[in-house]
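Trainee: Mind having a look at this structure? Questions to follow.
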Amino acid sequence: MSGWGNTLDLRLPGPDAPLEDWWSLIALADRWGGFIKKATRACLSFHRARAQQLVWEKSIAAQLARDDALAPIDEEVPASEPWACDKCGMVFHSKKALAVHATKVHQYRALVQHFATDGTCPCCCRSFHQRSRLMAHLRTMTSCLERLRACFPPLPEAMIRELNDLDAAHTRDMKAKGWFSTRALIPALRGAGPVLPPVGSPEAALMLSRWTLRRPPDGVPMFDALEGHCALPQGSANNPEVSAETDESSICFVVQAKGFIGGTDDRYAMGGLARLHAILHIRTLCFIHFFSGFRREHDLQACIEGHWVQGVTQLFCVSVDYCLQNANGDLTSDANQEWWKDRICSGAICGVGGGPPCETFSAARLLPDGPPPLRSHDHITGLPWNSPRGWNQTHLGSVLMRFILKMILLVARIGGCAFLEHPAFPVWALHRRPSSIWSTWVVRLLRRLACTEILTLDQCIYGCPARKPTTLLLVRMSSMVVETQLLGRGGRCPHPPEWHKALAGRDEHGAFCTSVAKIYPPALNAALAQSVANFALSFASTGQRVEPLSDDFLLMQSFDFVECTKVQPDFYG
């Protein structure tokens, strides 16, 4: 946010900031009244976005519950899941038992113990008077911990043991008085002093190098001693997701998975009754590619329409994007969303797919030279301190994301095929708690359906100049999984690092380097089109008569919704 006065040009304090930050801001600024108004508008935007997301999540859960396909996420992994230690191979009944073993046998120490020396936080200059309270502060304020890790090396093992002995004595003393060790007998004080340089800045790197020379670390830090994995096989019903290793709160995200819930009458099955339902209800082999962008050679529409099922029935594809159809292609419109919902439910569409805009989810926003982040895992609908422009961006991205996921659920219910493409979860930025649709509650519900599969690949295996890790949610497109896993290293990159073009920074023309990966490579389009054709072949192989697209239905190509409805009002039932 800019234009806040002549004195300051900074963001508003975050929701975790103490009131003293606001008092200092008001005292120094010449137009502090505007700050309050902007904070009010940001607060309204924040709660409005969260309410809209919650209503949508409840509607998805209600639909799955009606179809008897709602599986409680928290109950899928049993309490007695086996965890194996990677250092010695011993197996334990829980992750907590593994941590106790690593602490006693492999000298594991929590991450915050390597960066807390006393009771004062060097990042925010707050004094907590005791090291245990400082460590509790660092566990919740990840921004402070990140700056400490960027500016200081981990403490030596001998120093950590000495400090832990002092903490143990403090804990015994507090326990004798009837308190926990983190009990605040004296309120925290806010001190004054220079703040640490931001993460990834040259100043932080210089400070880290100087402190490393002054206090060299001894070998591997003890927080690396917690190395283990869940002994259940990946992708099974009891272990469908990857859980990131963090101290207190882990982020569960989907990498590779296959669903297992068929629902009522196997509505969400891969074949069987679901396939029979599709044969009886889907009347047109028309695939809709949402968020397609401008038409180009070898795009998805051209690849799909190049297929003929058994030499008789042609596949049709319609590309939908605002840049092609303007207002009629505006997928944020309630009327247009309802129109597409009716087309799917009436059997006029056999499948949908697309990659919704990822600019607000992009992990490039976490890079030092990238744009500022707009979302996080804890605030998936938008950060509370976003500017009005940022809220407009996140609102648009959230609406489009909810739209495509709703369309995919509808297609899954009628027995059709679908795909959703989005960047893979950025594991390299796990400590920043990044935002990703693959860690959201709704996606983790949808991936449990028996007709869905989650596939993570690197687009460089299909000819993309950058590696671009990508995850696909596929509905009844198993051939795409099989074909992709035959390439590279099971679908992952087999190239040396110097082979790829970086997606960070700007090119010589000043444009962001991420633009090279905005469109699908031709080979990826061909693979997706072949998988759609394989799905359509199941209709032709049954002898079921599939209606060709009429001239009136082809008006969808221009998206004149009103005329299309007037010409043939009963076509869709």
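Please note that chains go A, B, ... in the order of the structure tokens, that every chain numbers its residues from 1, and that ligands are numbered from 1 in the order shown.
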Please provide as an MDAnalysis selection string all residues within 8 Å of Phe361 in chain A, with the sequence filter that same-chain residues fewer than 3 positions apart are discarded (counting only C-alpha atoms).
Mentor: chainID A and resid 358 374:375 435:437
Trainee: If DSSP is run on the backbone, what residues of range 279-518 of chain A are helix (DSSP H, G or I)? A reply as a VMD selection string would be ideal.
Mentor: chain A and resid 279 to 281 300 to 305 322 to 329 334 to 345 363 to 366 388 to 414 427 to 432 437 to 439 441 to 446 459 to 462 478 to 485 497 to 499 513 to 517
Trainee: Using only C-alpha atoms, which residue out of A:Ser538, A:Gln256, A:Ser143, A:Thr40 lies closest to Leu473 in chain A?
Mentor: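 Of A:Ser538, A:Gln256, A:Ser143, A:Thr40, the one nearest Leu473 in chain A, counting only C-alpha atoms, is A:Gln256.
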Trainee: Residues within 8 Å of range 284-296 of chain A, please, as number ranges by chain. Count only C-alpha atoms; anything in the same chain fewer than 3 positions from it doesn't count.
Mentor: A: 299-301, 314-324, 347-357, 404, 536, 546-549
Trainee: Would you output that residue set with N, CA and C atoms, as a PDB file, in the first residue's frame?
Mentor:
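Generated file (out-v1.pdb):
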ATOM      1  N   ASP A 299      -2.518 -26.081 -29.577  1.00  0.00           N
ATOM      2  CA  ASP A 299      -3.101 -25.934 -28.250  1.00  0.00           C
ATOM      3  C   ASP A 299      -4.016 -27.123 -27.971  1.00  0.00           C
ATOM      4  N   LEU A 300      -4.620 -27.147 -26.793  1.00  0.00           N
ATOM      5  CA  LEU A 300      -5.393 -28.318 -26.382  1.00  0.00           C
ATOM      6  C   LEU A 300      -6.596 -28.533 -27.287  1.00  0.00           C
ATOM      7  N   GLN A 301      -7.256 -27.457 -27.703  1.00  0.00           N
ATOM      8  CA  GLN A 301      -8.419 -27.609 -28.571  1.00  0.00           C
ATOM      9  C   GLN A 301      -8.034 -28.242 -29.904  1.00  0.00           C
ATOM     10  N   GLN A 314     -16.606 -37.482 -34.139  1.00  0.00           N
ATOM     11  CA  GLN A 314     -15.577 -36.471 -33.911  1.00  0.00           C
ATOM     12  C   GLN A 314     -15.682 -35.913 -32.504  1.00  0.00           C
ATOM     13  N   LEU A 315     -14.544 -35.656 -31.921  1.00  0.00           N
ATOM     14  CA  LEU A 315     -14.494 -34.972 -30.636  1.00  0.00           C
ATOM     15  C   LEU A 315     -14.481 -33.471 -30.872  1.00  0.00           C
ATOM     16  N   PHE A 316     -15.228 -32.751 -30.047  1.00  0.00           N
ATOM     17  CA  PHE A 316     -15.256 -31.302 -30.128  1.00  0.00           C
ATOM     18  C   PHE A 316     -14.680 -30.718 -28.850  1.00  0.00           C
ATOM     19  N   CYS A 317     -14.081 -29.576 -28.983  1.00  0.00           N
ATOM     20  CA  CYS A 317     -13.519 -28.870 -27.827  1.00  0.00           C
ATOM     21  C   CYS A 317     -13.851 -27.394 -27.961  1.00  0.00           C
ATOM     22  N   VAL A 318     -14.235 -26.783 -26.864  1.00  0.00           N
ATOM     23  CA  VAL A 318     -14.543 -25.356 -26.816  1.00  0.00           C
ATOM     24  C   VAL A 318     -13.580 -24.699 -25.833  1.00  0.00           C
ATOM     25  N   SER A 319     -12.862 -23.692 -26.292  1.00  0.00           N
ATOM     26  CA  SER A 319     -11.934 -22.944 -25.440  1.00  0.00           C
ATOM     27  C   SER A 319     -12.652 -21.752 -24.828  1.00  0.00           C
ATOM     28  N   VAL A 320     -12.518 -21.604 -23.532  1.00  0.00           N
ATOM     29  CA  VAL A 320     -13.215 -20.550 -22.789  1.00  0.00           C
ATOM     30  C   VAL A 320     -12.187 -19.704 -22.064  1.00  0.00           C
ATOM     31  N   ASP A 321     -12.203 -18.423 -22.308  1.00  0.00           N
ATOM     32  CA  ASP A 321     -11.325 -17.500 -21.600  1.00  0.00           C
ATOM     33  C   ASP A 321     -11.847 -16.091 -21.784  1.00  0.00           C
ATOM     34  N   TYR A 322     -11.632 -15.267 -20.779  1.00  0.00           N
ATOM     35  CA  TYR A 322     -12.117 -13.888 -20.850  1.00  0.00           C
ATOM     36  C   TYR A 322     -11.478 -13.126 -22.002  1.00  0.00           C
ATOM     37  N   CYS A 323     -10.212 -13.451 -22.304  1.00  0.00           N
ATOM     38  CA  CYS A 323      -9.527 -12.736 -23.366  1.00  0.00           C
ATOM     39  C   CYS A 323     -10.057 -13.126 -24.738  1.00  0.00           C
ATOM     40  N   LEU A 324     -10.841 -14.194 -24.821  1.00  0.00           N
ATOM     41  CA  LEU A 324     -11.425 -14.604 -26.094  1.00  0.00           C
ATOM     42  C   LEU A 324     -12.858 -14.129 -26.253  1.00  0.00           C
ATOM     43  N   GLY A 347     -26.035 -33.157 -19.724  1.00  0.00           N
ATOM     44  CA  GLY A 347     -25.367 -34.120 -20.576  1.00  0.00           C
ATOM     45  C   GLY A 347     -24.820 -33.556 -21.861  1.00  0.00           C
ATOM     46  N   ALA A 348     -24.753 -32.236 -22.003  1.00  0.00           N
ATOM     47  CA  ALA A 348     -24.232 -31.629 -23.220  1.00  0.00           C
ATOM     48  C   ALA A 348     -22.714 -31.558 -23.241  1.00  0.00           C
ATOM     49  N   ILE A 349     -22.066 -31.906 -22.144  1.00  0.00           N
ATOM     50  CA  ILE A 349     -20.607 -31.823 -22.025  1.00  0.00           C
ATOM     51  C   ILE A 349     -20.106 -33.145 -21.458  1.00  0.00           C
ATOM     52  N   CYS A 350     -19.064 -33.694 -22.059  1.00  0.00           N
ATOM     53  CA  CYS A 350     -18.514 -34.967 -21.573  1.00  0.00           C
ATOM     54  C   CYS A 350     -17.331 -34.769 -20.643  1.00  0.00           C
ATOM     55  N   GLY A 351     -16.741 -33.575 -20.623  1.00  0.00           N
ATOM     56  CA  GLY A 351     -15.595 -33.350 -19.757  1.00  0.00           C
ATOM     57  C   GLY A 351     -15.179 -31.902 -19.735  1.00  0.00           C
ATOM     58  N   VAL A 352     -14.424 -31.529 -18.709  1.00  0.00           N
ATOM     59  CA  VAL A 352     -13.908 -30.169 -18.562  1.00  0.00           C
ATOM     60  C   VAL A 352     -12.465 -30.258 -18.093  1.00  0.00           C
ATOM     61  N   GLY A 353     -11.759 -29.171 -18.230  1.00  0.00           N
ATOM     62  CA  GLY A 353     -10.388 -29.115 -17.745  1.00  0.00           C
ATOM     63  C   GLY A 353      -9.843 -27.714 -17.843  1.00  0.00           C
ATOM     64  N   GLY A 354      -8.717 -27.501 -17.216  1.00  0.00           N
ATOM     65  CA  GLY A 354      -8.076 -26.199 -17.297  1.00  0.00           C
ATOM     66  C   GLY A 354      -7.164 -25.936 -16.121  1.00  0.00           C
ATOM     67  N   GLY A 355      -6.386 -24.886 -16.274  1.00  0.00           N
ATOM     68  CA  GLY A 355      -5.494 -24.441 -15.215  1.00  0.00           C
ATOM     69  C   GLY A 355      -5.862 -23.026 -14.817  1.00  0.00           C
ATOM     70  N   PRO A 356      -6.564 -22.844 -13.705  1.00  0.00           N
ATOM     71  CA  PRO A 356      -6.957 -21.503 -13.279  1.00  0.00           C
ATOM     72  C   PRO A 356      -5.741 -20.641 -12.972  1.00  0.00           C
ATOM     73  N   PRO A 357      -5.894 -19.318 -13.002  1.00  0.00           N
ATOM     74  CA  PRO A 357      -4.748 -18.426 -12.755  1.00  0.00           C
ATOM     75  C   PRO A 357      -4.084 -18.728 -11.414  1.00  0.00           C
ATOM     76  N   ILE A 404     -13.821 -23.888 -11.073  1.00  0.00           N
ATOM     77  CA  ILE A 404     -13.320 -25.068 -11.772  1.00  0.00           C
ATOM     78  C   ILE A 404     -13.463 -26.314 -10.898  1.00  0.00           C
ATOM     79  N   ALA A 536     -13.448 -40.972 -24.432  1.00  0.00           N
ATOM     80  CA  ALA A 536     -14.549 -40.940 -25.384  1.00  0.00           C
ATOM     81  C   ALA A 536     -14.692 -42.255 -26.130  1.00  0.00           C
ATOM     82  N   VAL A 546     -24.151 -41.359 -30.011  1.00  0.00           N
ATOM     83  CA  VAL A 546     -23.794 -40.052 -29.458  1.00  0.00           C
ATOM     84  C   VAL A 546     -24.199 -38.982 -30.450  1.00  0.00           C
ATOM     85  N   GLU A 547     -24.990 -38.007 -30.006  1.00  0.00           N
ATOM     86  CA  GLU A 547     -25.468 -36.965 -30.896  1.00  0.00           C
ATOM     87  C   GLU A 547     -24.330 -36.050 -31.320  1.00  0.00           C
ATOM     88  N   PRO A 548     -24.233 -35.718 -32.605  1.00  0.00           N
ATOM     89  CA  PRO A 548     -23.233 -34.744 -33.033  1.00  0.00           C
ATOM     90  C   PRO A 548     -23.645 -33.348 -32.625  1.00  0.00           C
ATOM     91  N   LEU A 549     -22.708 -32.449 -32.630  1.00  0.00           N
ATOM     92  CA  LEU A 549     -23.009 -31.059 -32.307  1.00  0.00           C
ATOM     93  C   LEU A 549     -23.809 -30.433 -33.435  1.00  0.00           C
TER      94      LEU A 549
END
Trainee: Got a sec: who's within 9 Å of Met207 in chain A, counting only C-alpha atoms, leaving out chain neighbours fewer than 6 positions off, as number ranges by chain?
Mentor: A: 150-152, 197
Trainee: Please produce a file of the residues just selected, as a compact mmCIF listing (two decimals), in the first residue's frame, where the atoms kept are N, CA and C atoms.
Mentor:
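Here's the written file out.txt:
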# COMPACT_ATOMS: atom_id res chain seq x y z
N ALA A 150 18.23 -16.74 8.70
CA ALA A 150 18.92 -16.09 7.58
C ALA A 150 20.14 -15.30 8.02
N CYS A 151 20.20 -14.91 9.30
CA CYS A 151 21.29 -14.03 9.77
C CYS A 151 22.27 -14.72 10.72
N PHE A 152 21.87 -15.83 11.35
CA PHE A 152 22.73 -16.48 12.33
C PHE A 152 22.84 -17.97 12.02
N PRO A 197 18.08 -7.71 8.92
CA PRO A 197 17.80 -7.54 7.49
C PRO A 197 16.83 -8.62 7.01
Trainee: Hey, which of A:Ala176, A:Cys464, A:Leu280, A:Ala71 ends up closest to Gly262 in chain A? Count only C-alpha atoms.
Mentor: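 Comparing A:Ala176, A:Cys464, A:Leu280, A:Ala71 against Gly262 in chain A, the winner is A:Ala71.
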Trainee: Excluding Arg149 in chain A and its own-chain neighbours fewer than 2 positions away, which residues fall within 12 Å of it when counting only C-alpha atoms? Please give them as a PyMOL selection string.
Mentor: chain A and resi 111-116+122-123+138+142-147+151-155+196-200+204-205+207-209+211-212+431
Trainee: Using only N, CA and C atoms, please write the residues we just selected to a file, as a short mmCIF file (atom, residue, chain, number, x, y, z; two decimals), in the first residue's frame.
Mentor:
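Produced file out-v3.cif, reproduced below:
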data_model
loop_
_atom_site.label_atom_id
_atom_site.label_comp_id
_atom_site.auth_asym_id
_atom_site.auth_seq_id
_atom_site.Cartn_x
_atom_site.Cartn_y
_atom_site.Cartn_z
N LEU A 111 14.11 -27.16 16.40
CA LEU A 111 14.74 -26.12 15.59
C LEU A 111 14.92 -24.83 16.38
N VAL A 112 13.91 -24.45 17.19
CA VAL A 112 13.99 -23.16 17.89
C VAL A 112 15.11 -23.16 18.93
N GLN A 113 15.51 -24.33 19.43
CA GLN A 113 16.59 -24.37 20.43
C GLN A 113 17.93 -23.97 19.83
N HIS A 114 18.06 -24.05 18.51
CA HIS A 114 19.31 -23.71 17.85
C HIS A 114 19.48 -22.20 17.62
N PHE A 115 18.43 -21.41 17.90
CA PHE A 115 18.50 -19.98 17.59
C PHE A 115 18.05 -19.10 18.76
N ALA A 116 17.74 -19.69 19.89
CA ALA A 116 17.35 -18.93 21.07
C ALA A 116 18.47 -18.98 22.09
N PRO A 122 16.00 -11.13 18.82
CA PRO A 122 16.78 -10.13 18.07
C PRO A 122 16.04 -9.54 16.87
N CYS A 123 14.94 -10.18 16.46
CA CYS A 123 14.23 -9.71 15.27
C CYS A 123 13.24 -8.60 15.61
N LEU A 138 9.04 -18.00 19.09
CA LEU A 138 9.57 -18.34 17.78
C LEU A 138 8.77 -19.45 17.10
N THR A 142 6.72 -17.28 12.88
CA THR A 142 7.67 -17.88 11.93
C THR A 142 8.50 -16.83 11.21
N SER A 143 7.98 -15.60 11.09
CA SER A 143 8.75 -14.56 10.42
C SER A 143 10.02 -14.22 11.21
N CYS A 144 9.91 -14.20 12.54
CA CYS A 144 11.10 -13.94 13.36
C CYS A 144 12.11 -15.09 13.24
N LEU A 145 11.61 -16.33 13.24
CA LEU A 145 12.50 -17.48 13.13
C LEU A 145 13.19 -17.50 11.77
N GLU A 146 12.50 -17.13 10.73
CA GLU A 146 13.10 -17.11 9.39
C GLU A 146 14.24 -16.11 9.32
N ARG A 147 14.04 -14.93 9.90
CA ARG A 147 15.12 -13.92 9.88
C ARG A 147 16.31 -14.36 10.72
N CYS A 151 20.20 -14.91 9.30
CA CYS A 151 21.29 -14.03 9.77
C CYS A 151 22.27 -14.72 10.72
N PHE A 152 21.87 -15.83 11.35
CA PHE A 152 22.73 -16.48 12.33
C PHE A 152 22.84 -17.97 12.02
N PRO A 153 24.00 -18.56 12.25
CA PRO A 153 24.12 -20.02 12.12
C PRO A 153 23.54 -20.70 13.35
N PRO A 154 23.25 -22.00 13.27
CA PRO A 154 22.74 -22.71 14.46
C PRO A 154 23.77 -22.70 15.58
N LEU A 155 23.28 -22.72 16.80
CA LEU A 155 24.17 -22.73 17.95
C LEU A 155 24.95 -24.04 18.01
N LEU A 196 16.66 -6.91 12.13
CA LEU A 196 17.49 -7.77 11.28
C LEU A 196 17.14 -7.55 9.81
N PRO A 197 18.08 -7.71 8.92
CA PRO A 197 17.80 -7.54 7.49
C PRO A 197 16.83 -8.62 7.01
N PRO A 198 16.08 -8.34 5.95
CA PRO A 198 15.10 -9.32 5.45
C PRO A 198 15.76 -10.59 4.92
N VAL A 199 14.96 -11.64 4.87
CA VAL A 199 15.44 -12.95 4.40
C VAL A 199 15.82 -12.84 2.92
N GLY A 200 16.98 -13.37 2.57
CA GLY A 200 17.43 -13.39 1.20
C GLY A 200 18.14 -12.14 0.73
N ALA A 204 21.64 -9.82 4.89
CA ALA A 204 21.46 -11.03 5.69
C ALA A 204 22.54 -12.06 5.38
N ALA A 205 22.88 -12.19 4.10
CA ALA A 205 23.94 -13.14 3.72
C ALA A 205 25.29 -12.73 4.30
N MET A 207 25.77 -10.91 7.04
CA MET A 207 25.71 -11.11 8.48
C MET A 207 25.87 -12.59 8.83
N LEU A 208 25.26 -13.47 8.03
CA LEU A 208 25.38 -14.90 8.28
C LEU A 208 26.83 -15.38 8.10
N SER A 209 27.49 -14.88 7.07
CA SER A 209 28.88 -15.30 6.83
C SER A 209 29.80 -14.84 7.96
N TRP A 211 28.92 -14.19 11.14
CA TRP A 211 28.63 -14.94 12.36
C TRP A 211 29.09 -16.39 12.25
N THR A 212 29.10 -16.92 11.05
CA THR A 212 29.60 -18.29 10.86
C THR A 212 31.09 -18.36 11.15
N HIS A 431 9.03 -23.97 4.98
CA HIS A 431 9.17 -23.21 6.23
C HIS A 431 8.47 -21.86 6.16
#
Trainee: Using only C-alpha atoms, which of A:Ile344, A:Asp21, A:Cys460, A:Val427 sits nearest Ile408 in chain A?
Mentor: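 With only C-alpha atoms as the atom set, the closest residue is A:Ile344.
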Trainee: Using backbone DSSP assignments, extract all strand (DSSP E) residues from range 367-499 of chain A; output them as a compact mmCIF listing (two decimals) with N, CA and C atoms, in the first residue's frame.
Mentor:
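File result_33.txt, as written:
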# COMPACT_ATOMS: atom_id res chain seq x y z
N CYS A 417 -15.16 -36.97 -17.70
CA CYS A 417 -13.72 -36.88 -17.42
C CYS A 417 -13.35 -35.42 -17.19
N ALA A 418 -12.25 -35.19 -16.50
CA ALA A 418 -11.85 -33.82 -16.20
C ALA A 418 -10.40 -33.82 -15.76
N PHE A 419 -9.79 -32.63 -15.83
CA PHE A 419 -8.45 -32.45 -15.28
C PHE A 419 -8.32 -31.03 -14.74
N LEU A 420 -7.49 -30.88 -13.72
CA LEU A 420 -7.15 -29.58 -13.14
C LEU A 420 -5.64 -29.51 -13.05
N GLU A 421 -5.06 -28.47 -13.61
CA GLU A 421 -3.60 -28.27 -13.60
C GLU A 421 -3.25 -27.08 -12.74
N HIS A 422 -2.25 -27.24 -11.90
CA HIS A 422 -1.79 -26.15 -11.04
C HIS A 422 -0.37 -26.47 -10.59
N PRO A 423 0.43 -25.46 -10.26
CA PRO A 423 1.80 -25.74 -9.79
C PRO A 423 1.81 -26.68 -8.59
N THR A 452 -10.85 -40.23 -9.14
CA THR A 452 -9.82 -39.21 -9.24
C THR A 452 -8.44 -39.80 -8.97
N GLU A 453 -7.46 -39.21 -9.60
CA GLU A 453 -6.06 -39.54 -9.37
C GLU A 453 -5.26 -38.24 -9.34
N ILE A 454 -4.26 -38.19 -8.50
CA ILE A 454 -3.37 -37.04 -8.40
C ILE A 454 -2.02 -37.44 -8.98
N LEU A 455 -1.54 -36.65 -9.92
CA LEU A 455 -0.28 -36.93 -10.60
C LEU A 455 0.61 -35.70 -10.53
N THR A 456 1.82 -35.85 -10.03
CA THR A 456 2.80 -34.77 -9.99
C THR A 456 3.90 -35.07 -11.00
N LEU A 457 4.19 -34.09 -11.85
CA LEU A 457 5.18 -34.26 -12.91
C LEU A 457 5.98 -32.99 -13.07
N ASP A 458 7.06 -33.08 -13.82
CA ASP A 458 7.84 -31.92 -14.22
C ASP A 458 7.60 -31.70 -15.71
N PRO A 469 7.55 -27.88 -11.82
CA PRO A 469 6.80 -28.97 -11.18
C PRO A 469 5.30 -28.67 -11.17
N THR A 470 4.52 -29.61 -11.63
CA THR A 470 3.09 -29.42 -11.83
C THR A 470 2.35 -30.63 -11.27
N THR A 471 1.19 -30.36 -10.69
CA THR A 471 0.33 -31.43 -10.19
C THR A 471 -0.99 -31.39 -10.95
N LEU A 472 -1.48 -32.54 -11.34
CA LEU A 472 -2.74 -32.68 -12.06
C LEU A 472 -3.73 -33.46 -11.21
N LEU A 473 -4.95 -32.96 -11.12
CA LEU A 473 -6.07 -33.72 -10.57
C LEU A 473 -6.83 -34.28 -11.77
N LEU A 474 -6.84 -35.58 -11.91
CA LEU A 474 -7.41 -36.23 -13.09
C LEU A 474 -8.65 -37.03 -12.69
N VAL A 475 -9.71 -36.86 -13.47
CA VAL A 475 -10.96 -37.61 -13.26
C VAL A 475 -11.17 -38.52 -14.46
